[in-house]
file coords.cif (mmCIF, C-alpha atoms)
data_entry
loop_
_atom_site.label_atom_id
_atom_site.label_comp_id
_atom_site.auth_asym_id
_atom_site.auth_seq_id
_atom_site.Cartn_x
_atom_site.Cartn_y
_atom_site.Cartn_z
CA ALA T 1309 123.06 99.70 113.14
CA LEU T 1310 119.90 98.47 114.85
CA ALA T 1311 118.89 102.02 115.75
CA ILE T 1312 119.23 103.04 112.08
CA PHE T 1313 117.07 100.09 111.04
CA HIS T 1314 114.34 100.98 113.56
CA SER T 1315 114.45 104.61 112.48
CA GLY T 1316 113.93 103.54 108.86
CA VAL T 1317 111.02 101.27 109.77
CA LYS T 1318 109.37 104.07 111.76
CA ALA T 1319 109.81 106.52 108.88
CA ALA T 1320 108.19 104.08 106.45
CA ASP T 1321 105.20 103.32 108.71
CA PRO T 1322 101.98 104.24 106.82
CA VAL T 1323 100.25 105.68 109.90
CA ASN T 1324 103.25 107.88 110.66
CA ALA T 1325 103.28 108.99 107.02
CA VAL T 1326 99.64 110.12 107.25
CA GLN T 1327 100.23 111.86 110.57
CA ARG T 1328 103.24 113.72 109.11
CA ALA T 1329 101.33 114.74 105.96
CA MET T 1330 97.97 115.67 107.54
CA LYS T 1331 97.08 117.78 110.54
CA VAL T 1332 93.72 119.01 111.81
CA GLU T 1333 93.37 121.94 114.15
CA ASP T 1334 89.99 123.53 114.84
CA HIS T 1335 88.28 123.35 111.44
CA GLN T 1336 91.51 123.59 109.46
CA LEU T 1337 92.85 120.56 107.58
CA GLU T 1338 96.47 120.90 106.50
CA ILE T 1339 97.84 118.46 103.93
CA GLN T 1340 101.52 118.95 103.16
CA GLY T 1341 101.32 122.70 103.75
CA ARG T 1342 98.04 123.31 101.93
CA ILE T 1343 95.19 124.40 104.23
CA TYR T 1344 91.50 123.59 103.77
CA ASP T 1345 88.80 125.20 105.88
CA LEU T 1346 86.59 122.18 106.62
CA SER T 1347 83.67 124.38 107.63
CA ARG T 1348 83.37 125.35 103.93
CA TYR T 1349 82.74 121.76 102.81
CA HIS T 1350 79.56 119.74 103.26
CA ARG T 1351 81.16 116.41 102.38
CA VAL T 1352 84.69 115.05 102.47
CA TYR T 1353 85.51 111.85 100.59
CA VAL T 1354 88.63 109.68 100.58
CA VAL T 1355 89.92 107.77 97.56
CA GLY T 1356 93.07 105.66 97.62
CA ALA T 1357 94.89 102.64 96.29
CA GLY T 1358 97.89 100.52 97.16
CA LYS T 1359 99.14 97.93 99.62
CA ALA T 1360 99.09 100.37 102.56
CA ALA T 1361 95.86 102.16 101.56
CA ALA T 1362 93.67 100.44 104.18
CA ILE T 1363 95.90 101.27 107.15
CA MET T 1364 96.39 104.81 105.83
CA ALA T 1365 92.62 105.17 105.41
CA ARG T 1366 92.18 104.11 109.03
CA ALA T 1367 94.59 106.88 110.07
CA VAL T 1368 92.66 109.40 107.95
CA GLU T 1369 89.39 108.31 109.59
CA GLY T 1370 91.00 108.99 112.95
CA LEU T 1371 92.12 112.46 111.91
CA ILE T 1372 89.05 113.76 110.06
CA GLY T 1373 86.33 111.31 111.05
CA GLY T 1374 83.86 114.03 112.06
CA TRP T 1375 83.97 115.62 108.60
CA LEU T 1376 84.34 112.44 106.57
CA LYS T 1377 81.28 111.40 104.57
CA ALA T 1378 82.61 108.24 102.89
CA GLY T 1379 85.43 106.83 100.85
CA VAL T 1380 86.84 103.88 98.99
CA VAL T 1381 90.33 102.40 98.80
CA ASN T 1382 91.58 99.56 96.64
CA VAL T 1383 94.13 97.24 98.25
CA LYS T 1384 96.06 94.13 97.39
CA TYR T 1385 94.22 90.89 98.21
CA GLY T 1386 94.59 90.04 101.89
CA ARG T 1387 95.30 93.62 103.01
CA SER T 1388 91.72 94.55 103.89
CA LEU T 1389 90.72 96.09 107.22
CA PRO T 1390 87.31 96.86 108.67
CA LEU T 1391 86.80 100.62 108.61
CA ARG T 1392 83.93 102.77 109.77
CA LEU T 1393 83.27 105.05 106.79
CA ILE T 1394 85.75 104.06 104.11
CA LYS T 1395 85.03 100.97 102.03
CA VAL T 1396 88.02 98.72 101.39
CA ASN T 1397 88.03 96.69 98.14
#
call {"tool": "encode", "arguments": {"input": "coords.cif", "output": "structure tokens"}}
result
Amino acid sequence: ALAIFHSGVKAADPVNAVQRAMKVEDHQLEIQGRIYDLSRYHRVYVVGAGKAAAIMARAVEGLIGGWLKAGVVNVKYGRSLPLRLIKVN
């Protein structure tokens, strides 16, 4: 039963969710099966909202930081994190 609980917690982890949904290889960004050639874009922005938006934004910065221009996420009070390029409100 404990193993099932830990498996559920891991599956719900926001960072794991971002890493499952987004992959970057060379200049190709894949988001849930859709591929974007990052070399075709001059600026990439992130917009998000929700209780887990700040931690997910941190994961996105880690994945596409070199291409990321800026972003903004809205979070519940007390869920803010310091991020490099994405502003957390």
call {"tool": "residues_around", "arguments": {"input": "coords.cif", "residues": "Leu1371 of chain T", "least_positions_apart": "6", "cutoff": "10 Å", "atoms": "all atoms listed in the file", "output": "VMD selection string"}}
result
chain T and resid 1326 to 1327 1330 to 1333 1337 1365
call {"tool": "atom_distance", "arguments": {"input": "coords.cif", "atom1": "atom CA of Ala1329 of chain T", "atom2": "atom CA of Lys1377 of chain T"}}
result
20.4 Å
call {"tool": "atom_distance", "arguments": {"input": "coords.cif", "atom1": "atom CA of Val1383 of chain T", "atom2": "atom CA of Glu1338 of chain T"}}
result
25.2 Å
call {"tool": "closest_residue", "arguments": {"input": "coords.cif", "among": "T:Val1323, T:Ala1309, T:Ala1378, T:Leu1391", "to": "Met1364 of chain T", "atoms": "only C-alpha atoms"}}
result
T:Val1323
call {"tool": "resolve_selection", "arguments": {"input": "coords.cif", "expression": "the PyMOL selection byres ((chain T and resi 1351) around 8)", "output": "list in words"}}
result
Tyr1349, His1350, Val1352, Tyr1353, Trp1375, Leu1376 and Lys1377 of chain T
call {"tool": "decode", "arguments": {"input": "coords.cif", "residues": "segment 1343-1358 of chain T", "atoms": "all heavy atoms", "output": "PDB file, in the first residue's frame"}}
result
ATOM      1  N   ILE T1343       5.792  19.222 -31.996  1.00  0.00           N
ATOM      2  CA  ILE T1343       7.201  19.634 -32.071  1.00  0.00           C
ATOM      3  C   ILE T1343       7.307  21.063 -32.601  1.00  0.00           C
ATOM      4  O   ILE T1343       6.658  21.433 -33.582  1.00  0.00           O
ATOM      5  CB  ILE T1343       7.997  18.663 -32.962  1.00  0.00           C
ATOM      6  CG1 ILE T1343       7.983  17.276 -32.314  1.00  0.00           C
ATOM      7  CG2 ILE T1343       9.423  19.159 -33.166  1.00  0.00           C
ATOM      8  CD1 ILE T1343       8.592  16.188 -33.141  1.00  0.00           C
ATOM      9  N   TYR T1344       8.149  21.834 -31.915  1.00  0.00           N
ATOM     10  CA  TYR T1344       8.433  23.218 -32.307  1.00  0.00           C
ATOM     11  C   TYR T1344       9.923  23.348 -32.555  1.00  0.00           C
ATOM     12  O   TYR T1344      10.731  22.974 -31.701  1.00  0.00           O
ATOM     13  CB  TYR T1344       8.017  24.194 -31.198  1.00  0.00           C
ATOM     14  CG  TYR T1344       6.558  24.101 -30.848  1.00  0.00           C
ATOM     15  CD1 TYR T1344       6.110  23.214 -29.875  1.00  0.00           C
ATOM     16  CD2 TYR T1344       5.625  24.894 -31.505  1.00  0.00           C
ATOM     17  CE1 TYR T1344       4.763  23.128 -29.555  1.00  0.00           C
ATOM     18  CE2 TYR T1344       4.276  24.807 -31.194  1.00  0.00           C
ATOM     19  CZ  TYR T1344       3.858  23.920 -30.218  1.00  0.00           C
ATOM     20  OH  TYR T1344       2.531  23.823 -29.914  1.00  0.00           O
ATOM     21  N   ASP T1345      10.287  23.885 -33.696  1.00  0.00           N
ATOM     22  CA  ASP T1345      11.688  24.137 -34.016  1.00  0.00           C
ATOM     23  C   ASP T1345      12.064  25.483 -33.392  1.00  0.00           C
ATOM     24  O   ASP T1345      11.699  26.542 -33.904  1.00  0.00           O
ATOM     25  CB  ASP T1345      11.883  24.173 -35.528  1.00  0.00           C
ATOM     26  CG  ASP T1345      13.325  24.393 -35.928  1.00  0.00           C
ATOM     27  OD1 ASP T1345      14.187  24.601 -35.041  1.00  0.00           O
ATOM     28  OD2 ASP T1345      13.602  24.357 -37.133  1.00  0.00           O
ATOM     29  N   LEU T1346      12.782  25.441 -32.282  1.00  0.00           N
ATOM     30  CA  LEU T1346      13.094  26.667 -31.541  1.00  0.00           C
ATOM     31  C   LEU T1346      13.968  27.640 -32.329  1.00  0.00           C
ATOM     32  O   LEU T1346      13.964  28.831 -32.053  1.00  0.00           O
ATOM     33  CB  LEU T1346      13.750  26.318 -30.206  1.00  0.00           C
ATOM     34  CG  LEU T1346      12.817  25.646 -29.201  1.00  0.00           C
ATOM     35  CD1 LEU T1346      13.608  25.122 -28.007  1.00  0.00           C
ATOM     36  CD2 LEU T1346      11.735  26.604 -28.746  1.00  0.00           C
ATOM     37  N   SER T1347      14.694  27.144 -33.305  1.00  0.00           N
ATOM     38  CA  SER T1347      15.534  28.043 -34.103  1.00  0.00           C
ATOM     39  C   SER T1347      14.682  28.974 -34.981  1.00  0.00           C
ATOM     40  O   SER T1347      15.188  29.967 -35.491  1.00  0.00           O
ATOM     41  CB  SER T1347      16.505  27.243 -34.965  1.00  0.00           C
ATOM     42  OG  SER T1347      15.810  26.471 -35.933  1.00  0.00           O
ATOM     43  N   ARG T1348      13.395  28.692 -35.119  1.00  0.00           N
ATOM     44  CA  ARG T1348      12.494  29.530 -35.916  1.00  0.00           C
ATOM     45  C   ARG T1348      11.893  30.671 -35.104  1.00  0.00           C
ATOM     46  O   ARG T1348      11.203  31.529 -35.640  1.00  0.00           O
ATOM     47  CB  ARG T1348      11.376  28.680 -36.506  1.00  0.00           C
ATOM     48  CG  ARG T1348      11.894  27.619 -37.471  1.00  0.00           C
ATOM     49  CD  ARG T1348      10.785  26.872 -38.122  1.00  0.00           C
ATOM     50  NE  ARG T1348      10.019  27.823 -38.950  1.00  0.00           N
ATOM     51  CZ  ARG T1348       8.737  27.689 -39.225  1.00  0.00           C
ATOM     52  NH1 ARG T1348       8.066  26.665 -38.761  1.00  0.00           N
ATOM     53  NH2 ARG T1348       8.117  28.579 -39.967  1.00  0.00           N
ATOM     54  N   TYR T1349      12.102  30.674 -33.804  1.00  0.00           N
ATOM     55  CA  TYR T1349      11.484  31.671 -32.922  1.00  0.00           C
ATOM     56  C   TYR T1349      12.547  32.581 -32.320  1.00  0.00           C
ATOM     57  O   TYR T1349      13.591  32.119 -31.888  1.00  0.00           O
ATOM     58  CB  TYR T1349      10.704  30.983 -31.798  1.00  0.00           C
ATOM     59  CG  TYR T1349       9.585  30.107 -32.310  1.00  0.00           C
ATOM     60  CD1 TYR T1349       9.784  28.750 -32.542  1.00  0.00           C
ATOM     61  CD2 TYR T1349       8.338  30.647 -32.576  1.00  0.00           C
ATOM     62  CE1 TYR T1349       8.765  27.948 -33.031  1.00  0.00           C
ATOM     63  CE2 TYR T1349       7.303  29.851 -33.068  1.00  0.00           C
ATOM     64  CZ  TYR T1349       7.538  28.506 -33.289  1.00  0.00           C
ATOM     65  OH  TYR T1349       6.526  27.715 -33.780  1.00  0.00           O
ATOM     66  N   HIS T1350      12.245  33.860 -32.287  1.00  0.00           N
ATOM     67  CA  HIS T1350      13.170  34.833 -31.695  1.00  0.00           C
ATOM     68  C   HIS T1350      12.944  34.964 -30.198  1.00  0.00           C
ATOM     69  O   HIS T1350      13.861  35.288 -29.458  1.00  0.00           O
ATOM     70  CB  HIS T1350      13.016  36.202 -32.366  1.00  0.00           C
ATOM     71  CG  HIS T1350      13.334  36.174 -33.822  1.00  0.00           C
ATOM     72  ND1 HIS T1350      14.612  36.038 -34.292  1.00  0.00           N
ATOM     73  CD2 HIS T1350      12.524  36.242 -34.907  1.00  0.00           C
ATOM     74  CE1 HIS T1350      14.593  36.033 -35.611  1.00  0.00           C
ATOM     75  NE2 HIS T1350      13.340  36.151 -36.003  1.00  0.00           N
ATOM     76  N   ARG T1351      11.708  34.747 -29.773  1.00  0.00           N
ATOM     77  CA  ARG T1351      11.367  34.892 -28.355  1.00  0.00           C
ATOM     78  C   ARG T1351      10.406  33.779 -27.944  1.00  0.00           C
ATOM     79  O   ARG T1351       9.477  33.456 -28.678  1.00  0.00           O
ATOM     80  CB  ARG T1351      10.680  36.237 -28.104  1.00  0.00           C
ATOM     81  CG  ARG T1351      11.539  37.422 -28.417  1.00  0.00           C
ATOM     82  CD  ARG T1351      10.732  38.715 -28.218  1.00  0.00           C
ATOM     83  NE  ARG T1351      11.445  39.835 -28.775  1.00  0.00           N
ATOM     84  CZ  ARG T1351      11.252  40.317 -29.998  1.00  0.00           C
ATOM     85  NH1 ARG T1351      10.355  39.791 -30.790  1.00  0.00           N
ATOM     86  NH2 ARG T1351      11.946  41.343 -30.422  1.00  0.00           N
ATOM     87  N   VAL T1352      10.617  33.237 -26.767  1.00  0.00           N
ATOM     88  CA  VAL T1352       9.695  32.268 -26.188  1.00  0.00           C
ATOM     89  C   VAL T1352       9.248  32.820 -24.841  1.00  0.00           C
ATOM     90  O   VAL T1352      10.078  33.218 -24.017  1.00  0.00           O
ATOM     91  CB  VAL T1352      10.363  30.885 -26.007  1.00  0.00           C
ATOM     92  CG1 VAL T1352       9.422  29.911 -25.316  1.00  0.00           C
ATOM     93  CG2 VAL T1352      10.820  30.328 -27.353  1.00  0.00           C
ATOM     94  N   TYR T1353       7.938  32.869 -24.625  1.00  0.00           N
ATOM     95  CA  TYR T1353       7.373  33.375 -23.384  1.00  0.00           C
ATOM     96  C   TYR T1353       6.587  32.268 -22.683  1.00  0.00           C
ATOM     97  O   TYR T1353       6.038  31.384 -23.339  1.00  0.00           O
ATOM     98  CB  TYR T1353       6.432  34.556 -23.652  1.00  0.00           C
ATOM     99  CG  TYR T1353       7.131  35.764 -24.225  1.00  0.00           C
ATOM    100  CD1 TYR T1353       7.207  35.963 -25.595  1.00  0.00           C
ATOM    101  CD2 TYR T1353       7.726  36.691 -23.386  1.00  0.00           C
ATOM    102  CE1 TYR T1353       7.854  37.062 -26.124  1.00  0.00           C
ATOM    103  CE2 TYR T1353       8.380  37.800 -23.907  1.00  0.00           C
ATOM    104  CZ  TYR T1353       8.438  37.981 -25.275  1.00  0.00           C
ATOM    105  OH  TYR T1353       9.091  39.068 -25.797  1.00  0.00           O
ATOM    106  N   VAL T1354       6.509  32.353 -21.370  1.00  0.00           N
ATOM    107  CA  VAL T1354       5.735  31.401 -20.574  1.00  0.00           C
ATOM    108  C   VAL T1354       4.640  32.168 -19.846  1.00  0.00           C
ATOM    109  O   VAL T1354       4.894  33.231 -19.283  1.00  0.00           O
ATOM    110  CB  VAL T1354       6.640  30.680 -19.547  1.00  0.00           C
ATOM    111  CG1 VAL T1354       5.813  29.878 -18.561  1.00  0.00           C
ATOM    112  CG2 VAL T1354       7.634  29.796 -20.262  1.00  0.00           C
ATOM    113  N   VAL T1355       3.432  31.617 -19.867  1.00  0.00           N
ATOM    114  CA  VAL T1355       2.306  32.169 -19.124  1.00  0.00           C
ATOM    115  C   VAL T1355       1.658  31.006 -18.386  1.00  0.00           C
ATOM    116  O   VAL T1355       1.467  29.935 -18.958  1.00  0.00           O
ATOM    117  CB  VAL T1355       1.271  32.829 -20.060  1.00  0.00           C
ATOM    118  CG1 VAL T1355       0.077  33.338 -19.276  1.00  0.00           C
ATOM    119  CG2 VAL T1355       1.917  33.948 -20.864  1.00  0.00           C
ATOM    120  N   GLY T1356       1.341  31.206 -17.108  1.00  0.00           N
ATOM    121  CA  GLY T1356       0.713  30.132 -16.353  1.00  0.00           C
ATOM    122  C   GLY T1356      -0.026  30.639 -15.140  1.00  0.00           C
ATOM    123  O   GLY T1356       0.110  31.788 -14.747  1.00  0.00           O
ATOM    124  N   ALA T1357      -0.812  29.745 -14.558  1.00  0.00           N
ATOM    125  CA  ALA T1357      -1.561  30.088 -13.352  1.00  0.00           C
ATOM    126  C   ALA T1357      -1.876  28.819 -12.588  1.00  0.00           C
ATOM    127  O   ALA T1357      -1.982  27.742 -13.163  1.00  0.00           O
ATOM    128  CB  ALA T1357      -2.851  30.812 -13.709  1.00  0.00           C
ATOM    129  N   GLY T1358      -1.991  28.960 -11.275  1.00  0.00           N
ATOM    130  CA  GLY T1358      -2.368  27.838 -10.428  1.00  0.00           C
ATOM    131  C   GLY T1358      -1.407  27.644  -9.276  1.00  0.00           C
ATOM    132  O   GLY T1358      -0.341  28.250  -9.224  1.00  0.00           O
TER     133      GLY T1358
END
